[in-house]
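Here is run-v8.pdb, consisting of PDB, C-alpha atoms and all ligand atoms:
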```
ATOM      1  CA  MET A  12      16.394 -10.892-117.925  1.00  0.00           C
ATOM      2  CA  SER A  13      19.027  -8.356-118.931  1.00  0.00           C
ATOM      3  CA  GLU A  14      22.143  -7.564-116.978  1.00  0.00           C
ATOM      4  CA  PRO A  15      22.603  -3.995-115.612  1.00  0.00           C
ATOM      5  CA  GLU A  16      24.920  -1.872-117.712  1.00  0.00           C
ATOM      6  CA  SER A  17      27.455  -1.434-114.939  1.00  0.00           C
ATOM      7  CA  TRP A  18      27.902  -5.140-114.714  1.00  0.00           C
ATOM      8  CA  SER A  19      30.995  -6.404-116.367  1.00  0.00           C
ATOM      9  CA  PRO A  20      32.418  -9.837-116.262  1.00  0.00           C
ATOM     10  CA  CYS A  21      35.319 -10.389-113.972  1.00  0.00           C
ATOM     11  CA  PRO A  22      38.630 -10.162-115.751  1.00  0.00           C
ATOM     12  CA  ALA A  23      39.973 -13.537-116.531  1.00  0.00           C
ATOM     13  CA  GLY A  24      41.869 -14.998-113.646  1.00  0.00           C
ATOM     14  CA  GLU A  25      40.551 -12.579-111.025  1.00  0.00           C
ATOM     15  CA  LEU A  26      37.894 -14.934-109.807  1.00  0.00           C
ATOM     16  CA  SER A  27      40.235 -17.845-109.456  1.00  0.00           C
ATOM     17  CA  GLN A  28      42.754 -15.560-107.786  1.00  0.00           C
ATOM     18  CA  LEU A  29      40.091 -14.455-105.315  1.00  0.00           C
ATOM     19  CA  GLN A  30      39.214 -18.052-104.748  1.00  0.00           C
ATOM     20  CA  GLU A  31      42.859 -18.842-104.141  1.00  0.00           C
ATOM     21  CA  THR A  32      43.179 -15.992-101.623  1.00  0.00           C
ATOM     22  CA  LEU A  33      40.061 -17.128 -99.781  1.00  0.00           C
ATOM     23  CA  HIS A  34      41.352 -20.647 -99.798  1.00  0.00           C
ATOM     24  CA  GLN A  35      44.668 -19.541 -98.317  1.00  0.00           C
ATOM     25  CA  GLN A  36      42.938 -17.449 -95.669  1.00  0.00           C
ATOM     26  CA  ARG A  37      40.752 -20.356 -94.724  1.00  0.00           C
ATOM     27  CA  ALA A  38      43.755 -22.652 -94.545  1.00  0.00           C
ATOM     28  CA  LYS A  39      45.503 -20.131 -92.305  1.00  0.00           C
ATOM     29  CA  LEU A  40      42.452 -19.917 -90.066  1.00  0.00           C
ATOM     30  CA  ARG A  41      42.256 -23.666 -89.867  1.00  0.00           C
ATOM     31  CA  ALA A  42      45.942 -23.868 -88.963  1.00  0.00           C
ATOM     32  CA  ARG A  43      45.489 -21.222 -86.302  1.00  0.00           C
ATOM     33  CA  ARG A  44      42.466 -23.032 -84.898  1.00  0.00           C
ATOM     34  CA  ARG A  45      44.435 -26.265 -84.838  1.00  0.00           C
ATOM     35  CA  PHE A  46      47.251 -24.477 -83.026  1.00  0.00           C
ATOM     36  CA  LEU A  47      44.831 -22.979 -80.495  1.00  0.00           C
ATOM     37  CA  ILE A  48      43.233 -26.332 -79.852  1.00  0.00           C
ATOM     38  CA  ALA A  49      46.645 -27.955 -79.495  1.00  0.00           C
ATOM     39  CA  SER A  50      47.963 -25.290 -77.146  1.00  0.00           C
ATOM     40  CA  SER A  51      44.804 -25.167 -75.069  1.00  0.00           C
ATOM     41  CA  SER A  52      44.784 -28.915 -74.629  1.00  0.00           C
ATOM     42  CA  ALA A  53      48.486 -28.785 -73.788  1.00  0.00           C
ATOM     43  CA  LEU A  54      47.655 -26.083 -71.264  1.00  0.00           C
ATOM     44  CA  ALA A  55      44.862 -28.206 -69.862  1.00  0.00           C
ATOM     45  CA  ALA A  56      47.267 -31.117 -69.609  1.00  0.00           C
ATOM     46  CA  THR A  57      49.863 -29.061 -67.745  1.00  0.00           C
ATOM     47  CA  GLY A  58      47.142 -27.456 -65.651  1.00  0.00           C
ATOM     48  CA  GLY A  59      45.893 -30.897 -64.752  1.00  0.00           C
ATOM     49  CA  MET A  60      49.390 -31.985 -63.853  1.00  0.00           C
ATOM     50  CA  VAL A  61      49.924 -28.905 -61.714  1.00  0.00           C
ATOM     51  CA  ALA A  62      46.603 -29.539 -59.991  1.00  0.00           C
ATOM     52  CA  LEU A  63      47.615 -33.132 -59.424  1.00  0.00           C
ATOM     53  CA  THR A  64      50.915 -32.183 -57.860  1.00  0.00           C
ATOM     54  CA  LEU A  65      49.141 -29.595 -55.713  1.00  0.00           C
ATOM     55  CA  ILE A  66      46.784 -32.167 -54.259  1.00  0.00           C
ATOM     56  CA  PRO A  67      48.534 -33.524 -51.190  1.00  0.00           C
ATOM     57  CA  SER A  68      48.519 -37.272 -50.864  1.00  0.00           C
ATOM     58  CA  SER A  69      47.764 -36.996 -47.175  1.00  0.00           C
ATOM     59  CA  PRO A  70      45.801 -34.294 -45.388  1.00  0.00           C
ATOM     60  CA  PRO A  71      48.126 -31.447 -44.438  1.00  0.00           C
ATOM     61  CA  THR A  72      49.121 -31.348 -40.824  1.00  0.00           C
ATOM     62  CA  PRO A  73      47.697 -28.256 -39.183  1.00  0.00           C
ATOM     63  CA  VAL A  74      50.256 -25.490 -38.927  1.00  0.00           C
ATOM     64  CA  LYS A  75      51.416 -25.165 -35.358  1.00  0.00           C
ATOM     65  CA  LEU A  76      50.792 -21.649 -34.209  1.00  0.00           C
ATOM     66  CA  THR A  77      53.469 -20.105 -32.119  1.00  0.00           C
ATOM     67  CA  PRO A  78      52.115 -17.003 -30.453  1.00  0.00           C
ATOM     68  CA  VAL A  79      54.019 -13.931 -31.519  1.00  0.00           C
ATOM     69  CA  SER A  80      54.435 -10.837 -29.434  1.00  0.00           C
ATOM     70  CA  CYS A  81      53.604  -7.417 -30.782  1.00  0.00           C
ATOM     71  CA  ARG A  82      57.311  -6.791 -31.167  1.00  0.00           C
ATOM     72  CA  GLU A  83      57.770  -9.893 -33.281  1.00  0.00           C
ATOM     73  CA  ALA A  84      54.678  -9.047 -35.238  1.00  0.00           C
ATOM     74  CA  HIS A  85      56.088  -5.597 -35.966  1.00  0.00           C
ATOM     75  CA  ASP A  86      59.432  -7.068 -36.952  1.00  0.00           C
ATOM     76  CA  LEU A  87      57.854  -9.522 -39.356  1.00  0.00           C
ATOM     77  CA  MET A  88      55.189  -7.155 -40.627  1.00  0.00           C
ATOM     78  CA  THR A  89      57.270  -5.826 -43.518  1.00  0.00           C
ATOM     79  CA  ALA A  90      58.068  -9.273 -44.811  1.00  0.00           C
ATOM     80  CA  TYR A  91      54.487 -10.328 -44.199  1.00  0.00           C
ATOM     81  CA  LEU A  92      53.159  -7.370 -46.158  1.00  0.00           C
ATOM     82  CA  ALA A  93      55.653  -7.924 -48.948  1.00  0.00           C
ATOM     83  CA  GLY A  94      54.679 -11.570 -49.082  1.00  0.00           C
ATOM     84  CA  THR A  95      58.293 -12.611 -48.626  1.00  0.00           C
ATOM     85  CA  LEU A  96      57.699 -14.421 -45.368  1.00  0.00           C
ATOM     86  CA  LYS A  97      58.817 -17.926 -46.222  1.00  0.00           C
ATOM     87  CA  SER A  98      57.508 -19.781 -43.205  1.00  0.00           C
ATOM     88  CA  ASP A  99      53.847 -20.767 -43.285  1.00  0.00           C
ATOM     89  CA  ALA A 100      53.905 -21.071 -39.509  1.00  0.00           C
ATOM     90  CA  LYS A 101      55.148 -17.488 -39.108  1.00  0.00           C
ATOM     91  CA  ARG A 102      52.590 -16.223 -41.581  1.00  0.00           C
ATOM     92  CA  SER A 103      49.796 -17.976 -39.713  1.00  0.00           C
ATOM     93  CA  SER A 104      51.108 -16.754 -36.381  1.00  0.00           C
ATOM     94  CA  ILE A 105      51.054 -13.169 -37.561  1.00  0.00           C
ATOM     95  CA  GLN A 106      47.630 -13.678 -39.041  1.00  0.00           C
ATOM     96  CA  ALA A 107      46.420 -15.021 -35.711  1.00  0.00           C
ATOM     97  CA  HIS A 108      48.074 -12.159 -33.861  1.00  0.00           C
ATOM     98  CA  LEU A 109      46.453  -9.607 -36.173  1.00  0.00           C
ATOM     99  CA  ASP A 110      43.108 -11.246 -35.578  1.00  0.00           C
ATOM    100  CA  ARG A 111      43.229 -10.642 -31.871  1.00  0.00           C
ATOM    101  CA  CYS A 112      45.480  -7.608 -31.521  1.00  0.00           C
ATOM    102  CA  PRO A 113      43.703  -4.423 -32.640  1.00  0.00           C
ATOM    103  CA  GLY A 114      46.863  -2.376 -32.318  1.00  0.00           C
ATOM    104  CA  CYS A 115      48.854  -4.534 -34.736  1.00  0.00           C
ATOM    105  CA  LYS A 116      45.859  -4.870 -37.006  1.00  0.00           C
ATOM    106  CA  ARG A 117      45.688  -1.111 -37.262  1.00  0.00           C
ATOM    107  CA  LEU A 118      49.372  -1.015 -38.084  1.00  0.00           C
ATOM    108  CA  TYR A 119      48.901  -3.771 -40.641  1.00  0.00           C
ATOM    109  CA  GLU A 120      45.946  -2.052 -42.257  1.00  0.00           C
ATOM    110  CA  ALA A 121      47.796   1.254 -42.336  1.00  0.00           C
ATOM    111  CA  ASN A 122      50.596  -0.387 -44.311  1.00  0.00           C
ATOM    112  CA  ALA A 123      48.630  -2.873 -46.371  1.00  0.00           C
TER     113      ALA A 123
HETATM  114 ZN    ZN B 201      50.109  -6.928 -31.424  1.00  0.00          ZN
END
```
Final structure tokens representation of the file:
Amino acid sequence: MSEPESWSPCPAGELSQLQETLHQQRAKLRARRRFLIASSSALAATGGMVALTLIPSSPPTPVKLTPVSCREAHDLMTAYLAGTLKSDAKRSSIQAHLDRCPGCKRLYEANA
């Protein structure tokens, strides 16, 4: 078996250099994979902790709904739409009002 004419042996050192480059790339990949695994497990750990803190130890007491008038609903609508309404009770009250007041629902939907 004869070698094709175009074939020429690799210059001395090139092969080992190539090997070295590949080796470095693989080491980099391994390091990156290790980092990804480490960060994802860290993320999972924090995610788990967040989930744990989010789970209430006792069932939440139902939010007491105070009926709001259309006027109040209008007044709070902007904050409600902007999501800046701090009180859960107020939010729920508006929600409940929107559910049964077509006029305010229209206004809400026009601005949502
Ligand atoms: Zn209304």
Give me the residues of chain A that have any atom at most 10 Å from an atom of ligand ZN 201 (chain B); for each, the nearest atom pair and the distance in Å, rounded to one decimal. Use all atoms listed in the file, sort by chain and number, and format it as CSV.
```
residue,atom,partner,partner_atom,distance
A:Val79,CA,B:ZN201,ZN,8.0
A:Ser80,CA,B:ZN201,ZN,6.2
A:Cys81,CA,B:ZN201,ZN,3.6
A:Arg82,CA,B:ZN201,ZN,7.2
A:Glu83,CA,B:ZN201,ZN,8.4
A:Ala84,CA,B:ZN201,ZN,6.3
A:His85,CA,B:ZN201,ZN,7.6
A:Ile105,CA,B:ZN201,ZN,8.8
A:Ala107,CA,B:ZN201,ZN,9.9
A:His108,CA,B:ZN201,ZN,6.1
A:Leu109,CA,B:ZN201,ZN,6.6
A:Asp110,CA,B:ZN201,ZN,9.2
A:Arg111,CA,B:ZN201,ZN,7.8
A:Cys112,CA,B:ZN201,ZN,4.7
A:Pro113,CA,B:ZN201,ZN,7.0
A:Gly114,CA,B:ZN201,ZN,5.7
A:Cys115,CA,B:ZN201,ZN,4.3
A:Lys116,CA,B:ZN201,ZN,7.3
A:Arg117,CA,B:ZN201,ZN,9.4
A:Leu118,CA,B:ZN201,ZN,8.9
A:Tyr119,CA,B:ZN201,ZN,9.8
```
| What does the distance from CA of Gln106 in chain A to CA of Leu92 in chain A come to in Å, to one decimal? | 11.0 Å
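Picture a line from CA of Ala100 in chain A to CA of Pro78 in chain A; it runs 10.1 Å.
The space separating CA of Met88 in chain A from CA of Lys101 in chain A comes to 10.4 Å.
When only C-alpha atoms are used to compute distances to Gly94 in chain A, the closest of the residues A:Ala38, A:Ala56, A:Ala23, A:Ala123 turns out to be A:Ala123.
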